[in-house]
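See below for the structure under consideration.
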Amino acid sequence: MGIKSPLGIYEALLSRYGPQGWWPIQNNFKPPEWEICVGAILTQNTSWNNVEKALDNLKNNNCVSVRDILDTRRSELERLLKPSGFFRQKSKTLKLLAKLVNTFNSFEDFKRNVTRGALLKLNGIGPETADSILLYACGKPSFVVDAYTRRIFHRLGLVGHDAGYEKIRDYLESNLPKDASLYNEFHALIVRLGKEACRKSPLCMKCPLEDVCEKRGFP
DNA sequence: GGCCAGGACACCA
DNA sequence: TGGTGTCATGGC
């Protein structure tokens, strides 16, 4: 049986790989969800390995809370973030996010009441980073669409080649139960699949989805 | 030594 | 709106 629905693909990936346990945190930050917010910014176009080096720098310099980020000088923050690349823009974005969080009564208040629009207004936070924060830090059902998602669903013929971020997100959210834990696991599984199958070439023929999809010979 | 990684944005036509 | 350059480090 070929798999044509997002839910079918999710189930196939879950049975293949098992739960991925995202978001990976070391639980060094206060509160723990703040580490997710920081990681979401640092991982922009950057390998997670490099992000961990920067997170370690923050931890080892007691820069682990929203207040710490606000109180740390830009030059110092840039030095700590250096291993994750793009350290100038990321330090700026991180301070902007800390300022936004600080306008709420508490971090719990931020988690409950922050909106996608408010996050997207911050320079340096685009749709994927905003959705990562909403889903993985705030527990809200907001689907994270990344390059792997776009590539995989296009290969399966479920979205057009020209479909943009919001279109793919709308498609997935309207074809899946509105369930944060499902979105959480699905995105992590897609990243797992993408890393395994498609790193060498976007035209890679050894896509693991091939054995669960009726379509053969992916483009 | 080149390519790429869990993007975003400014600028241009 | 779509394409292109820029931001930057570290691993392979």
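In the structure tokens, chains take the letters A, B, ... in the order shown, each chain's residues start at 1, and ligands count up from 1 in the order shown.
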
Enumerate, in order of chain and increasing residue number, the residues of chain C with an atom no farther than 10 Å from chain A, each with its shortest atom pair and distance in Å to one decimal, counting only C-alpha atoms (C1' of nucleotides), as JSON lines.
```
{"residue": "C:DC7", "atom": "C1'", "partner": "A:Phe86", "partner_atom": "CA", "distance": 5.5}
{"residue": "C:DA8", "atom": "C1'", "partner": "A:Gly85", "partner_atom": "CA", "distance": 4.4}
{"residue": "C:DT9", "atom": "C1'", "partner": "A:Gly85", "partner_atom": "CA", "distance": 4.4}
{"residue": "C:DG10", "atom": "C1'", "partner": "A:Asn50", "partner_atom": "CA", "distance": 6.7}
{"residue": "C:DG11", "atom": "C1'", "partner": "A:Asn49", "partner_atom": "CA", "distance": 8.8}
```

### Message
List as a PyMOL selection string the protein and nucleic acid residues near DA8 of chain B, meaning an atom at most 9 Å away when only C-alpha atoms (C1' of nucleotides) are counted, but skip any in the same chain fewer than 4 places from it.
### Response
chain A and resi 44+123-126

### Message
Please check the contacts: residues of chain B at most 9 Å away from chain A, using only C-alpha atoms (C1' of nucleotides), listed as a PyMOL selection string.
### Response
chain B and resi 4-9

### Task
Just the residues within 9 Å of segment 10-13 of chain B, please, counting only C-alpha atoms (C1' of nucleotides), with nothing from its chain fewer than 2 positions along; format it as an NGL selection string.
:C and (3-6)

For N, CA and C atoms (P, O5', C5', C4', C3', O3' and C1' of nucleotides), I'd like the residues from the last selection saved as a CSV table (one decimal), in the first residue's frame.
```
chain,number,residue,atom,x,y,z
C,3,DG,P,12.8,31.8,-8.4
C,3,DG,O5',14.2,32.6,-8.5
C,3,DG,C5',14.5,33.4,-9.6
C,3,DG,C4',15.7,34.2,-9.4
C,3,DG,C3',16.9,33.5,-8.8
C,3,DG,O3',18.1,33.8,-9.4
C,3,DG,C1',16.3,35.3,-7.4
C,4,DT,P,19.4,33.1,-9.1
C,4,DT,O5',20.1,34.2,-8.2
C,4,DT,C5',20.3,35.5,-8.6
C,4,DT,C4',21.1,36.3,-7.6
C,4,DT,C3',22.2,35.5,-6.9
C,4,DT,O3',23.4,36.3,-6.8
C,4,DT,C1',20.8,36.5,-5.3
C,5,DG,P,24.7,35.7,-6.3
C,5,DG,O5',25.1,36.6,-5.1
C,5,DG,C5',25.0,38.1,-5.2
C,5,DG,C4',25.2,38.7,-3.9
C,5,DG,C3',26.3,38.2,-3.0
C,5,DG,O3',27.0,39.3,-2.4
C,5,DG,C1',24.3,37.9,-1.9
C,6,DT,P,28.3,38.9,-1.5
C,6,DT,O5',27.7,38.9,0.0
C,6,DT,C5',26.9,40.0,0.4
C,6,DT,C4',26.5,39.8,1.9
C,6,DT,C3',27.6,39.1,2.7
C,6,DT,O3',27.9,39.9,3.8
C,6,DT,C1',25.4,38.1,3.0
```

### Task
Could you check how far atom CA of Glu185 of chain A sits from atom CA of Pro19 of chain A, in Å to one decimal?
6.6 Å
